[in-house]
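Asks: You'll find start-v3.cif just under this line, and it carries mmCIF, C-alpha atoms (C1' of nucleotides).
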```cif
data_protein
#
loop_
_atom_site.label_atom_id
_atom_site.label_comp_id
_atom_site.auth_asym_id
_atom_site.auth_seq_id
_atom_site.Cartn_x
_atom_site.Cartn_y
_atom_site.Cartn_z
CA MET A 1 -6.16 -7.24 10.42
CA ARG A 2 -2.62 -6.36 9.67
CA LEU A 3 0.04 -8.97 9.03
CA THR A 4 3.41 -7.56 9.96
CA ALA A 5 7.02 -8.68 9.93
CA LYS A 6 6.35 -10.47 13.19
CA SER A 7 4.22 -13.07 11.43
CA GLU A 8 6.65 -13.42 8.58
CA TYR A 9 9.69 -13.87 10.78
CA GLY A 10 7.88 -15.94 13.37
CA LEU A 11 6.51 -18.36 10.81
CA LEU A 12 9.90 -18.73 9.15
CA ALA A 13 11.43 -19.46 12.54
CA LEU A 14 8.87 -22.11 13.41
CA ILE A 15 9.13 -23.74 10.00
CA ASP A 16 12.83 -23.93 10.71
CA LEU A 17 12.17 -25.54 14.08
CA ALA A 18 9.78 -27.98 12.42
CA ALA A 19 12.40 -28.88 9.84
CA HIS A 20 14.83 -29.67 12.66
CA TRP A 21 12.23 -31.46 14.74
CA GLY A 22 13.69 -34.14 16.98
CA LEU A 23 17.25 -32.84 16.90
CA GLY A 24 17.13 -31.18 20.33
CA PRO A 25 16.97 -27.46 21.09
CA ILE A 26 17.88 -24.97 18.37
CA SER A 27 19.17 -21.58 19.43
CA ALA A 28 17.55 -18.35 18.35
CA ARG A 29 20.87 -17.14 17.01
CA GLU A 30 21.19 -20.15 14.74
CA ILE A 31 17.70 -19.66 13.33
CA ALA A 32 18.27 -15.93 12.95
CA GLU A 33 21.36 -16.55 10.83
CA ARG A 34 19.75 -19.27 8.74
CA GLN A 35 16.58 -17.29 8.06
CA SER A 36 18.13 -13.81 7.87
CA ILE A 37 16.15 -12.44 10.80
CA PRO A 38 17.49 -9.71 13.13
CA PRO A 39 18.62 -11.78 16.17
CA LYS A 40 17.35 -9.57 18.97
CA PHE A 41 14.07 -9.08 17.21
CA LEU A 42 13.64 -12.82 16.88
CA GLU A 43 14.31 -13.23 20.60
CA GLN A 44 11.30 -11.03 21.29
CA LEU A 45 9.14 -13.08 19.00
CA PHE A 46 10.13 -16.25 20.80
CA VAL A 47 8.96 -14.72 24.06
CA SER A 48 5.47 -14.39 22.59
CA LEU A 49 5.61 -17.85 21.07
CA ARG A 50 6.66 -19.36 24.39
CA LYS A 51 3.93 -17.55 26.30
CA ALA A 52 1.42 -18.84 23.74
CA GLY A 53 2.58 -22.39 24.46
CA LEU A 54 3.98 -23.07 21.01
CA VAL A 55 7.62 -23.56 21.98
CA THR A 56 9.58 -24.59 25.05
CA ALA A 57 12.76 -22.75 25.96
CA MET A 58 15.94 -24.38 27.27
CA ARG A 59 18.18 -21.88 28.97
CA GLY A 60 21.93 -21.87 29.34
CA ALA A 61 24.69 -23.15 27.12
CA ARG A 62 23.51 -25.59 24.44
CA GLY A 63 20.04 -24.26 25.07
CA GLY A 64 17.48 -23.15 22.53
CA PHE A 65 13.89 -23.76 21.53
CA VAL A 66 11.84 -26.84 20.77
CA LEU A 67 8.30 -27.05 19.43
CA GLU A 68 5.88 -27.83 22.22
CA ARG A 69 3.85 -30.13 19.95
CA THR A 70 4.57 -32.03 16.76
CA PRO A 71 4.72 -29.85 13.62
CA SER A 72 1.45 -31.30 12.33
CA GLU A 73 -0.31 -30.17 15.49
CA ILE A 74 0.62 -26.50 15.22
CA SER A 75 -1.36 -24.36 12.81
CA VAL A 76 -0.34 -21.12 11.15
CA LEU A 77 -3.33 -19.53 12.86
CA GLU A 78 -1.82 -20.19 16.26
CA VAL A 79 1.46 -18.65 15.19
CA VAL A 80 -0.16 -15.56 13.71
CA GLU A 81 -2.45 -14.98 16.68
CA ALA A 82 0.41 -15.51 19.14
CA LEU A 83 2.35 -12.74 17.44
CA GLU A 84 -0.29 -10.32 16.20
CA GLY A 85 -3.14 -10.84 18.62
CA PRO A 86 -6.65 -12.03 17.77
CA LEU A 87 -7.39 -12.18 14.06
CA LYS A 88 -9.86 -9.55 12.97
CA PRO A 89 -9.84 -7.40 9.84
CA THR A 90 -11.15 -4.10 11.14
CA ALA A 91 -12.25 -2.36 14.30
CA CYS A 92 -15.85 -2.89 13.24
CA ASP A 93 -16.00 -6.65 13.68
CA GLY A 94 -19.31 -6.85 15.45
CA GLY A 95 -17.87 -5.96 18.84
CA SER A 96 -19.02 -3.08 20.96
CA LEU A 97 -16.43 -0.65 19.62
CA CYS A 98 -18.40 0.21 16.53
CA ALA A 99 -21.57 2.18 17.20
CA ARG A 100 -23.19 0.63 14.15
CA SER A 101 -22.55 -2.89 15.53
CA GLN A 102 -25.27 -5.41 14.76
CA MET A 103 -27.22 -3.08 12.49
CA CYS A 104 -24.44 -2.78 9.94
CA ALA A 105 -24.43 -4.66 6.65
CA ALA A 106 -20.81 -3.74 6.07
CA ALA A 107 -19.82 -5.74 9.13
CA THR A 108 -20.98 -8.93 7.45
CA VAL A 109 -18.31 -8.53 4.77
CA TRP A 110 -15.57 -7.93 7.30
CA ASN A 111 -16.70 -10.95 9.27
CA ARG A 112 -16.76 -13.16 6.20
CA ALA A 113 -13.28 -11.92 5.34
CA THR A 114 -12.01 -12.79 8.80
CA ALA A 115 -13.56 -16.24 8.56
CA ALA A 116 -11.93 -16.88 5.18
CA LEU A 117 -8.54 -15.82 6.47
CA ARG A 118 -8.96 -17.86 9.61
CA ASP A 119 -9.83 -20.93 7.58
CA VAL A 120 -6.68 -20.72 5.48
CA PHE A 121 -4.48 -20.26 8.51
CA ASP A 122 -6.25 -22.90 10.56
CA THR A 123 -5.95 -25.61 7.93
CA THR A 124 -2.23 -25.15 7.34
CA THR A 125 0.26 -26.68 9.76
CA LEU A 126 3.96 -26.33 10.29
CA ALA A 127 4.38 -29.87 8.99
CA ASP A 128 2.77 -28.85 5.69
CA LEU A 129 5.10 -25.92 5.31
CA ALA A 130 8.23 -27.71 6.42
CA GLY A 131 7.42 -30.42 3.90
CA ALA A 132 6.82 -27.89 1.14
CA GLN A 133 10.06 -26.15 1.98
CA ALA A 134 11.94 -29.44 1.84
CA SER A 135 10.55 -30.07 -1.64
CA ILE A 136 11.52 -26.60 -2.77
CA ASP A 137 15.02 -27.00 -1.44
CA ALA A 138 15.44 -30.39 -3.08
CA GLN A 139 14.35 -28.99 -6.45
CA GLY A 140 16.38 -25.83 -6.03
CA VAL A 141 19.68 -27.69 -5.79
CA ASP A 142 20.00 -28.23 -9.51
CA ALA A 143 17.28 -25.99 -10.98
CA SER A 144 16.85 -22.67 -9.22
CA GLN A 145 14.82 -21.08 -12.00
CA ALA A 146 12.55 -23.94 -12.98
CA MET B 1 -2.79 -6.41 4.28
CA ARG B 2 -4.21 -3.97 6.69
CA LEU B 3 -7.84 -2.90 6.59
CA THR B 4 -8.12 0.56 8.04
CA ALA B 5 -10.83 3.09 8.77
CA LYS B 6 -10.62 4.15 5.15
CA SER B 7 -12.20 0.91 4.01
CA GLU B 8 -14.81 0.99 6.74
CA TYR B 9 -15.85 4.55 6.06
CA GLY B 10 -15.53 4.25 2.32
CA LEU B 11 -17.67 1.15 2.15
CA LEU B 12 -20.33 2.70 4.38
CA ALA B 13 -20.38 5.74 2.13
CA LEU B 14 -20.78 3.72 -1.05
CA ILE B 15 -23.47 1.52 0.49
CA ASP B 16 -25.26 4.77 1.26
CA LEU B 17 -24.86 5.91 -2.34
CA ALA B 18 -26.13 2.54 -3.53
CA ALA B 19 -29.15 2.84 -1.27
CA HIS B 20 -29.94 6.23 -2.82
CA TRP B 21 -29.18 5.06 -6.35
CA GLY B 22 -31.14 6.94 -8.99
CA LEU B 23 -31.98 9.94 -6.83
CA GLY B 24 -29.34 12.25 -8.27
CA PRO B 25 -26.12 13.40 -6.64
CA ILE B 26 -25.71 13.03 -2.88
CA SER B 27 -23.35 15.40 -1.10
CA ALA B 28 -20.44 14.18 1.00
CA ARG B 29 -21.73 16.20 3.91
CA GLU B 30 -25.09 14.45 3.82
CA ILE B 31 -23.44 11.02 3.80
CA ALA B 32 -21.03 12.04 6.53
CA GLU B 33 -23.88 13.02 8.79
CA ARG B 34 -25.95 9.96 8.04
CA GLN B 35 -23.06 7.51 8.52
CA SER B 36 -21.25 9.35 11.31
CA ILE B 37 -18.07 9.88 9.33
CA PRO B 38 -15.76 12.89 9.84
CA PRO B 39 -16.76 15.14 6.89
CA LYS B 40 -13.35 16.34 5.78
CA PHE B 41 -11.96 12.85 6.05
CA LEU B 42 -14.74 11.51 3.88
CA GLU B 43 -13.98 14.16 1.28
CA GLN B 44 -10.48 12.73 0.96
CA LEU B 45 -11.83 9.24 0.54
CA PHE B 46 -14.09 10.39 -2.27
CA VAL B 47 -11.06 11.76 -4.10
CA SER B 48 -9.59 8.26 -4.17
CA LEU B 49 -12.92 6.72 -5.11
CA ARG B 50 -13.34 9.18 -7.96
CA LYS B 51 -9.82 8.58 -9.27
CA ALA B 52 -10.51 4.85 -9.18
CA GLY B 53 -13.54 5.41 -11.37
CA LEU B 54 -16.11 4.27 -8.84
CA VAL B 55 -17.98 7.55 -8.44
CA THR B 56 -18.60 10.68 -10.47
CA ALA B 57 -18.46 14.07 -8.82
CA MET B 58 -20.88 16.94 -9.51
CA ARG B 59 -19.45 20.24 -8.38
CA GLY B 60 -21.24 23.36 -7.30
CA ALA B 61 -24.48 23.90 -5.45
CA ARG B 62 -26.77 20.86 -5.46
CA GLY B 63 -23.71 18.81 -6.37
CA GLY B 64 -22.51 15.57 -4.87
CA PHE B 65 -21.53 12.09 -5.88
CA VAL B 66 -23.12 9.38 -7.98
CA LEU B 67 -21.98 5.80 -8.49
CA GLU B 68 -20.28 5.41 -11.84
CA ARG B 69 -21.89 2.00 -12.36
CA THR B 70 -24.95 0.25 -11.00
CA PRO B 71 -24.54 -1.05 -7.42
CA SER B 72 -24.46 -4.66 -8.60
CA GLU B 73 -21.50 -3.89 -10.83
CA ILE B 74 -19.25 -2.53 -8.06
CA SER B 75 -17.50 -5.04 -5.84
CA VAL B 76 -16.18 -4.54 -2.34
CA LEU B 77 -12.76 -5.47 -3.70
CA GLU B 78 -12.75 -2.41 -5.93
CA VAL B 79 -13.66 -0.20 -3.01
CA VAL B 80 -11.01 -1.66 -0.73
CA GLU B 81 -8.26 -1.51 -3.33
CA ALA B 82 -9.18 2.04 -4.31
CA LEU B 83 -8.71 3.13 -0.71
CA GLU B 84 -5.95 0.88 0.60
CA GLY B 85 -3.98 0.01 -2.50
CA PRO B 86 -3.41 -3.45 -3.93
CA LEU B 87 -4.56 -6.26 -1.68
CA LYS B 88 -1.64 -8.23 -0.27
CA PRO B 89 -1.19 -9.61 3.23
CA THR B 90 2.52 -9.07 3.81
CA ALA B 91 5.63 -7.62 2.24
CA CYS B 92 6.67 -11.15 1.32
CA ASP B 93 4.05 -11.81 -1.34
CA GLY B 94 6.30 -13.32 -3.96
CA GLY B 95 7.51 -9.99 -5.26
CA SER B 96 11.13 -8.96 -5.44
CA LEU B 97 11.14 -7.25 -2.05
CA CYS B 98 11.63 -10.45 -0.12
CA ALA B 99 15.02 -12.06 -0.61
CA ARG B 100 13.49 -15.46 -0.03
CA SER B 101 11.03 -14.88 -2.89
CA GLN B 102 10.16 -17.99 -4.87
CA MET B 103 12.03 -20.36 -2.61
CA CYS B 104 9.89 -19.72 0.43
CA ALA B 105 7.18 -22.09 1.62
CA ALA B 106 5.81 -19.46 3.97
CA ALA B 107 4.92 -17.29 0.98
CA THR B 108 2.42 -19.89 -0.19
CA VAL B 109 0.35 -19.38 2.96
CA TRP B 110 0.35 -15.62 2.57
CA ASN B 111 -0.64 -15.97 -1.05
CA ARG B 112 -3.47 -18.33 -0.24
CA ALA B 113 -4.65 -15.92 2.43
CA THR B 114 -4.66 -13.06 -0.04
CA ALA B 115 -6.60 -15.16 -2.52
CA ALA B 116 -9.20 -16.09 0.08
CA LEU B 117 -9.67 -12.47 1.07
CA ARG B 118 -9.82 -11.36 -2.52
CA ASP B 119 -12.50 -13.94 -3.26
CA VAL B 120 -14.76 -12.72 -0.47
CA PHE B 121 -14.40 -9.11 -1.51
CA ASP B 122 -14.73 -9.83 -5.21
CA THR B 123 -17.96 -11.77 -4.85
CA THR B 124 -19.73 -9.14 -2.78
CA THR B 125 -21.28 -6.11 -4.46
CA LEU B 126 -22.70 -2.85 -3.23
CA ALA B 127 -26.14 -4.09 -4.29
CA ASP B 128 -25.79 -7.08 -1.97
CA LEU B 129 -24.87 -4.88 0.96
CA ALA B 130 -27.44 -2.19 0.28
CA GLY B 131 -30.06 -4.91 0.13
CA ALA B 132 -28.87 -6.48 3.35
CA GLN B 133 -28.87 -3.10 5.03
CA ALA B 134 -32.43 -2.45 3.87
CA SER B 135 -33.51 -5.76 5.41
CA ILE B 136 -31.79 -4.95 8.66
CA ASP B 137 -33.38 -1.53 8.79
CA ALA B 138 -36.83 -2.94 8.06
CA GLN B 139 -36.49 -5.51 10.84
CA GLY B 140 -34.91 -3.04 13.22
CA VAL B 141 -37.93 -0.77 13.20
CA ASP B 142 -39.94 -2.96 15.55
CA ALA B 143 -37.39 -5.52 16.80
CA SER B 144 -33.92 -4.18 17.39
CA GLN B 145 -32.75 -7.18 19.45
CA ALA B 146 -34.21 -10.02 17.44
"C1'" DC C 1 -25.30 39.04 -10.74
"C1'" DG C 2 -24.24 37.35 -6.43
"C1'" DC C 3 -23.89 34.01 -3.22
"C1'" DA C 4 -24.19 29.87 -0.96
"C1'" DA C 5 -23.30 25.25 -1.54
"C1'" DT C 6 -20.30 21.90 -3.05
"C1'" DC C 7 -16.22 19.54 -4.64
"C1'" DC C 8 -10.95 20.03 -5.01
"C1'" DC C 9 -6.23 20.42 -3.33
"C1'" DT C 10 -2.38 20.97 -0.28
"C1'" DA C 11 -0.54 21.21 3.91
"C1'" DC C 12 -0.26 20.15 8.54
"C1'" DC C 13 -0.69 17.75 12.96
"C1'" DT C 14 -0.82 14.24 16.93
"C1'" DA C 15 -0.66 9.64 18.52
"C1'" DA C 16 0.34 5.14 17.77
"C1'" DA C 17 2.61 1.45 15.62
"C1'" DC C 18 6.34 -0.82 13.39
"C1'" DG C 19 10.80 -2.58 13.30
"C1'" DG C 20 14.16 -2.81 15.39
"C1'" DT C 21 18.62 -1.85 19.03
"C1'" DA C 22 20.81 -1.70 23.59
"C1'" DT C 23 21.78 -3.16 28.04
"C1'" DG C 24 21.85 -5.94 31.48
"C1'" DG C 25 20.24 -9.96 34.21
"C1'" DT C 26 19.70 -15.07 34.94
"C1'" DA C 27 20.28 -19.86 34.17
"C1'" DT C 28 23.18 -23.85 32.61
"C1'" DG C 29 26.22 -27.11 30.22
"C1'" DC C 30 31.06 -28.14 29.75
"C1'" DG D 1 33.86 -20.43 36.19
"C1'" DC D 2 32.89 -19.00 31.97
"C1'" DA D 3 31.01 -18.89 27.49
"C1'" DT D 4 26.53 -19.63 25.82
"C1'" DA D 5 22.17 -19.27 25.78
"C1'" DC D 6 17.38 -17.27 27.15
"C1'" DC D 7 14.80 -13.32 29.79
"C1'" DA D 8 13.25 -8.67 30.68
"C1'" DT D 9 12.99 -3.90 30.03
"C1'" DA D 10 13.75 0.24 28.06
"C1'" DC D 11 14.57 3.07 24.35
"C1'" DC D 12 14.37 5.05 19.66
"C1'" DG D 13 13.85 6.65 14.73
"C1'" DT D 14 10.58 6.31 11.03
"C1'" DT D 15 6.26 5.59 9.06
"C1'" DT D 16 1.41 5.37 9.13
"C1'" DA D 17 -3.24 6.25 10.71
"C1'" DG D 18 -6.61 9.29 11.33
"C1'" DG D 19 -7.83 13.12 11.11
"C1'" DT D 20 -7.98 18.93 10.87
"C1'" DA D 21 -7.35 23.47 8.56
"C1'" DG D 22 -7.65 26.72 5.01
"C1'" DG D 23 -8.34 28.06 0.96
"C1'" DG D 24 -9.52 27.73 -4.27
"C1'" DA D 25 -12.57 26.47 -8.24
"C1'" DT D 26 -17.28 25.48 -9.97
"C1'" DT D 27 -22.01 25.70 -10.36
"C1'" DG D 28 -27.14 25.96 -9.31
"C1'" DC D 29 -30.47 29.15 -7.92
"C1'" DG D 30 -32.84 33.41 -6.54
#
```
Please, can you express the file's structure as structure tokens?
Replies:
Amino acid sequence: MRLTAKSEYGLLALIDLAAHWGLGPISAREIAERQSIPPKFLEQLFVSLRKAGLVTAMRGARGGFVLERTPSEISVLEVVEALEGPLKPTACDGGSLCARSQMCAAATVWNRATAALRDVFDTTTLADLAGAQASIDAQGVDASQA
Amino acid sequence: MRLTAKSEYGLLALIDLAAHWGLGPISAREIAERQSIPPKFLEQLFVSLRKAGLVTAMRGARGGFVLERTPSEISVLEVVEALEGPLKPTACDGGSLCARSQMCAAATVWNRATAALRDVFDTTTLADLAGAQASIDAQGVDASQA
DNA sequence: CGCAATCCCTACCTAAACGGTATGGTATGC
DNA sequence: GCATACCATACCGTTTAGGTAGGGATTGCG
């Protein structure tokens, strides 16, 4: 599995939405500026996130995006898989692509790796991260190097 | 972090070497045939594995490769990092590349993911996998679908 | 000695992907 | 009705993946 800029940007954007939860729709442009994400690139990411059912879009003036569920009900796993596709570390994940398939001891390592990654992502929610970010920001006001 | 064919092939090759541990040098060509790996590509992988200190090369006729240490002393992590470089899931891993660096809650998820992956790879050795493969092969002789 | 086998090194290549940018269309609040 | 948003599609330059090609250096063996 490869984690690309899509996941990084997409997660930052959704943490931002979580932080502004309940304040009505937030525009992609606003998030792009706040998080230093290329605006048109972020628009594309939101298309994937909307199709995955993670955000709702409001079109027109004063439009923007809102989380489809509460921040504590959206996991990082959902975000990552919405943007990168199904989580799997290699081509040889036990599927039919690899000729060695079931008879391959190496596959067990890759599968355990996928499971470990999936567990981390599945047990972390946007609420967790938005909360952590709020703490960081509060600390950072007067002590940016502590 | 991206796991590519290098890791897949490289791990298969070293499991093969582990399975033939103690029988003298095994040629890259022999492993390539046995594991269905493109021969010239495997040669390149062995260069990296040798430079990482995982295998010793014997040149000339009857040459080949031998594991530098016993199979139980070589972890999958070493193999993966020798072939793919340092294990990190994204560009934003807390280094100086990401402008958000220390002040970014998202980075904590990526770091935890890296740690989880590293743990799986670090706690699995070539001896484990060679043993597992031997079991599979023994079972597979008479019951390939069980 | 010669020669075949083997590792070593560099260069090259094609296809795909990444990380965007550009352009226009469509809906909507004010 | 118009600025502000999202929506859709196409394009594009660079890097990487996944090899291939060709030769050079070393060594066991007959």
Asks: Least-squares superpose chain A on chain B across all ordered C-alpha pairs, then write out what you get as a short mmCIF file (atom, residue, chain, number, x, y, z; two decimals) with C-alpha atoms, in the coordinates of the input.
Replies:
```cif
data_model
loop_
_atom_site.label_atom_id
_atom_site.label_comp_id
_atom_site.auth_asym_id
_atom_site.auth_seq_id
_atom_site.Cartn_x
_atom_site.Cartn_y
_atom_site.Cartn_z
CA MET A 1 -2.76 -6.39 4.32
CA ARG A 2 -4.19 -3.93 6.72
CA LEU A 3 -7.81 -2.84 6.60
CA THR A 4 -8.11 0.62 8.07
CA ALA A 5 -10.85 3.13 8.78
CA LYS A 6 -10.63 4.18 5.15
CA SER A 7 -12.20 0.92 4.02
CA GLU A 8 -14.81 1.00 6.73
CA TYR A 9 -15.88 4.56 6.06
CA GLY A 10 -15.55 4.27 2.31
CA LEU A 11 -17.68 1.15 2.13
CA LEU A 12 -20.34 2.68 4.36
CA ALA A 13 -20.40 5.73 2.11
CA LEU A 14 -20.78 3.70 -1.06
CA ILE A 15 -23.47 1.50 0.45
CA ASP A 16 -25.25 4.73 1.23
CA LEU A 17 -24.86 5.89 -2.35
CA ALA A 18 -26.13 2.52 -3.56
CA ALA A 19 -29.16 2.79 -1.30
CA HIS A 20 -29.95 6.18 -2.84
CA TRP A 21 -29.19 5.04 -6.36
CA GLY A 22 -31.14 6.92 -9.00
CA LEU A 23 -32.01 9.89 -6.82
CA GLY A 24 -29.37 12.23 -8.27
CA PRO A 25 -26.14 13.37 -6.63
CA ILE A 26 -25.74 12.98 -2.87
CA SER A 27 -23.40 15.36 -1.08
CA ALA A 28 -20.50 14.17 1.01
CA ARG A 29 -21.79 16.18 3.93
CA GLU A 30 -25.13 14.40 3.84
CA ILE A 31 -23.49 10.98 3.81
CA ALA A 32 -21.07 12.01 6.54
CA GLU A 33 -23.94 12.97 8.82
CA ARG A 34 -25.99 9.88 8.04
CA GLN A 35 -23.10 7.47 8.51
CA SER A 36 -21.30 9.31 11.33
CA ILE A 37 -18.11 9.85 9.35
CA PRO A 38 -15.82 12.88 9.86
CA PRO A 39 -16.84 15.12 6.90
CA LYS A 40 -13.42 16.31 5.79
CA PHE A 41 -12.02 12.84 6.08
CA LEU A 42 -14.79 11.49 3.90
CA GLU A 43 -14.04 14.15 1.29
CA GLN A 44 -10.53 12.73 0.99
CA LEU A 45 -11.87 9.25 0.55
CA PHE A 46 -14.12 10.40 -2.25
CA VAL A 47 -11.10 11.79 -4.06
CA SER A 48 -9.61 8.29 -4.15
CA LEU A 49 -12.92 6.73 -5.11
CA ARG A 50 -13.35 9.20 -7.96
CA LYS A 51 -9.83 8.65 -9.24
CA ALA A 52 -10.50 4.90 -9.17
CA GLY A 53 -13.55 5.45 -11.38
CA LEU A 54 -16.10 4.30 -8.83
CA VAL A 55 -17.99 7.57 -8.43
CA THR A 56 -18.62 10.70 -10.47
CA ALA A 57 -18.50 14.09 -8.80
CA MET A 58 -20.90 16.97 -9.50
CA ARG A 59 -19.49 20.26 -8.35
CA GLY A 60 -21.27 23.37 -7.18
CA ALA A 61 -24.53 23.88 -5.35
CA ARG A 62 -26.81 20.82 -5.38
CA GLY A 63 -23.76 18.83 -6.34
CA GLY A 64 -22.55 15.58 -4.85
CA PHE A 65 -21.55 12.08 -5.87
CA VAL A 66 -23.14 9.37 -7.97
CA LEU A 67 -21.99 5.80 -8.49
CA GLU A 68 -20.28 5.45 -11.83
CA ARG A 69 -21.86 2.02 -12.39
CA THR A 70 -24.90 0.24 -11.02
CA PRO A 71 -24.50 -1.06 -7.44
CA SER A 72 -24.42 -4.66 -8.65
CA GLU A 73 -21.44 -3.87 -10.85
CA ILE A 74 -19.21 -2.51 -8.10
CA SER A 75 -17.46 -5.01 -5.86
CA VAL A 76 -16.13 -4.52 -2.36
CA LEU A 77 -12.72 -5.44 -3.73
CA GLU A 78 -12.71 -2.38 -5.95
CA VAL A 79 -13.63 -0.17 -3.03
CA VAL A 80 -10.98 -1.63 -0.74
CA GLU A 81 -8.23 -1.47 -3.34
CA ALA A 82 -9.17 2.09 -4.31
CA LEU A 83 -8.69 3.16 -0.71
CA GLU A 84 -5.95 0.92 0.62
CA GLY A 85 -3.96 0.07 -2.47
CA PRO A 86 -3.38 -3.40 -3.92
CA LEU A 87 -4.53 -6.23 -1.68
CA LYS A 88 -1.65 -8.21 -0.26
CA PRO A 89 -1.20 -9.61 3.24
CA THR A 90 2.50 -9.11 3.82
CA ALA A 91 5.61 -7.68 2.23
CA CYS A 92 6.66 -11.20 1.30
CA ASP A 93 4.01 -11.87 -1.33
CA GLY A 94 6.24 -13.40 -3.95
CA GLY A 95 7.47 -10.06 -5.25
CA SER A 96 11.08 -9.04 -5.44
CA LEU A 97 11.10 -7.32 -2.05
CA CYS A 98 11.60 -10.50 -0.11
CA ALA A 99 15.00 -12.11 -0.59
CA ARG A 100 13.49 -15.52 0.01
CA SER A 101 10.98 -14.97 -2.84
CA GLN A 102 10.16 -18.08 -4.85
CA MET A 103 12.09 -20.43 -2.58
CA CYS A 104 9.92 -19.76 0.44
CA ALA A 105 7.22 -22.14 1.62
CA ALA A 106 5.83 -19.50 3.95
CA ALA A 107 4.95 -17.34 0.97
CA THR A 108 2.46 -19.94 -0.21
CA VAL A 109 0.37 -19.41 2.93
CA TRP A 110 0.38 -15.65 2.54
CA ASN A 111 -0.60 -16.00 -1.09
CA ARG A 112 -3.44 -18.37 -0.28
CA ALA A 113 -4.61 -15.94 2.38
CA THR A 114 -4.61 -13.08 -0.09
CA ALA A 115 -6.55 -15.17 -2.59
CA ALA A 116 -9.17 -16.09 0.02
CA LEU A 117 -9.62 -12.47 1.03
CA ARG A 118 -9.77 -11.36 -2.57
CA ASP A 119 -12.45 -13.92 -3.32
CA VAL A 120 -14.71 -12.71 -0.53
CA PHE A 121 -14.34 -9.10 -1.55
CA ASP A 122 -14.67 -9.81 -5.25
CA THR A 123 -17.91 -11.75 -4.92
CA THR A 124 -19.70 -9.14 -2.82
CA THR A 125 -21.24 -6.11 -4.50
CA LEU A 126 -22.68 -2.87 -3.27
CA ALA A 127 -26.10 -4.10 -4.33
CA ASP A 128 -25.75 -7.10 -2.00
CA LEU A 129 -24.85 -4.90 0.91
CA ALA A 130 -27.41 -2.21 0.23
CA GLY A 131 -30.03 -4.94 0.07
CA ALA A 132 -28.83 -6.51 3.30
CA GLN A 133 -28.85 -3.13 4.99
CA ALA A 134 -32.40 -2.49 3.81
CA SER A 135 -33.49 -5.79 5.35
CA ILE A 136 -31.75 -4.96 8.61
CA ASP A 137 -33.36 -1.56 8.75
CA ALA A 138 -36.80 -2.97 8.02
CA GLN A 139 -36.45 -5.52 10.82
CA GLY A 140 -34.91 -3.02 13.20
CA VAL A 141 -37.95 -0.74 13.15
CA ASP A 142 -39.95 -2.85 15.56
CA ALA A 143 -37.38 -5.33 16.92
CA SER A 144 -33.94 -3.88 17.52
CA GLN A 145 -32.73 -6.76 19.67
CA ALA A 146 -34.13 -9.72 17.77
#
```
Asks: Kindly assemble as a Markdown table a list of the chain C residues that lie within 8 Å of chain B, each paired with its nearest atom pair and their distance in Å to one decimal, using only C-alpha atoms (C1' of nucleotides), sorted first by chain and then by ascending residue number.
Replies:
```
| residue | atom | partner | partner_atom | distance |
| --- | --- | --- | --- | --- |
| C:DA4 | C1' | B:Ala61 | CA | 7.5 |
| C:DA5 | C1' | B:Ala61 | CA | 4.3 |
| C:DT6 | C1' | B:Gly60 | CA | 4.6 |
| C:DC7 | C1' | B:Arg59 | CA | 5.0 |
```
Asks: Write out, as a tab-separated table, each residue of chain D that has an atom at most 12 Å from chain B, together with the closest pair of atoms and their distance in Å to one decimal, counting all atoms listed in the file, rows going by chain and rising number.
Replies:
```
residue	atom	partner	partner_atom	distance
D:DT16	C1'	B:Thr4	CA	10.7
D:DA17	C1'	B:Thr4	CA	8.0
D:DG18	C1'	B:Ala5	CA	7.9
D:DG19	C1'	B:Phe41	CA	6.5
D:DT20	C1'	B:Lys40	CA	7.8
D:DA21	C1'	B:Lys40	CA	9.7
D:DG22	C1'	B:Lys40	CA	11.9
D:DA25	C1'	B:Gly60	CA	9.3
D:DT26	C1'	B:Gly60	CA	5.2
D:DT27	C1'	B:Gly60	CA	3.9
D:DG28	C1'	B:Ala61	CA	5.1
D:DC29	C1'	B:Ala61	CA	8.3
```
Asks: Would you list the contacts of stretch 73-77 of chain B as a list in words, taking every protein, DNA or RNA residue within 10 Å and counting all atoms listed in the file, but skipping same-chain residues closer than 6 positions in sequence?
Replies: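 With the cut-off at 10 Å, the set is Ala106 and Val109 of chain A; Ser7, Gly10, Leu11, Leu14, Ile15, Ala18, Leu54, Leu67, Leu83, Pro86, Leu87, Leu117, Arg118, Asp119, Val120, Phe121, Asp122, Thr123, Thr124, Thr125, Leu126, Ala127, Asp128 and Leu129 of chain B.
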Asks: What is the distance, in Å and to one decimal place, between atom CA of B:Val79 and atom CA of B:Ser48?
Replies: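 So the two atoms, atom CA of B:Val79 and atom CA of B:Ser48, lie 9.5 Å apart.
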Asks: With chain B as the partner and 7 Å as the cut-off, tabulate the residues of chain A that qualify, each row holding the nearest pair of atoms and their distance in Å to one decimal, using only C-alpha atoms, sorted by chain and rising number, as a Markdown table.
Replies:
```
| residue | atom | partner | partner_atom | distance |
| --- | --- | --- | --- | --- |
| A:Met1 | CA | B:Arg2 | CA | 5.3 |
| A:Arg2 | CA | B:Arg2 | CA | 4.1 |
| A:Leu3 | CA | B:Thr90 | CA | 5.8 |
| A:Thr4 | CA | B:Thr90 | CA | 6.4 |
| A:Leu11 | CA | B:Ala106 | CA | 7.0 |
| A:Leu12 | CA | B:Ala106 | CA | 6.6 |
| A:Pro89 | CA | B:Leu3 | CA | 5.9 |
| A:Thr90 | CA | B:Leu3 | CA | 5.8 |
| A:Met103 | CA | B:Ile136 | CA | 6.2 |
| A:Cys104 | CA | B:Gln133 | CA | 6.6 |
| A:Ala105 | CA | B:Gln133 | CA | 5.0 |
| A:Ala106 | CA | B:Leu129 | CA | 6.6 |
| A:Arg112 | CA | B:Val120 | CA | 7.0 |
| A:Ala113 | CA | B:Leu117 | CA | 5.6 |
| A:Ala116 | CA | B:Ala116 | CA | 5.8 |
| A:Leu117 | CA | B:Ala113 | CA | 5.6 |
| A:Val120 | CA | B:Ala113 | CA | 6.0 |
| A:Leu129 | CA | B:Ala105 | CA | 5.7 |
| A:Ala132 | CA | B:Ala105 | CA | 5.8 |
| A:Gln133 | CA | B:Ala105 | CA | 5.0 |
| A:Ile136 | CA | B:Met103 | CA | 6.3 |
```
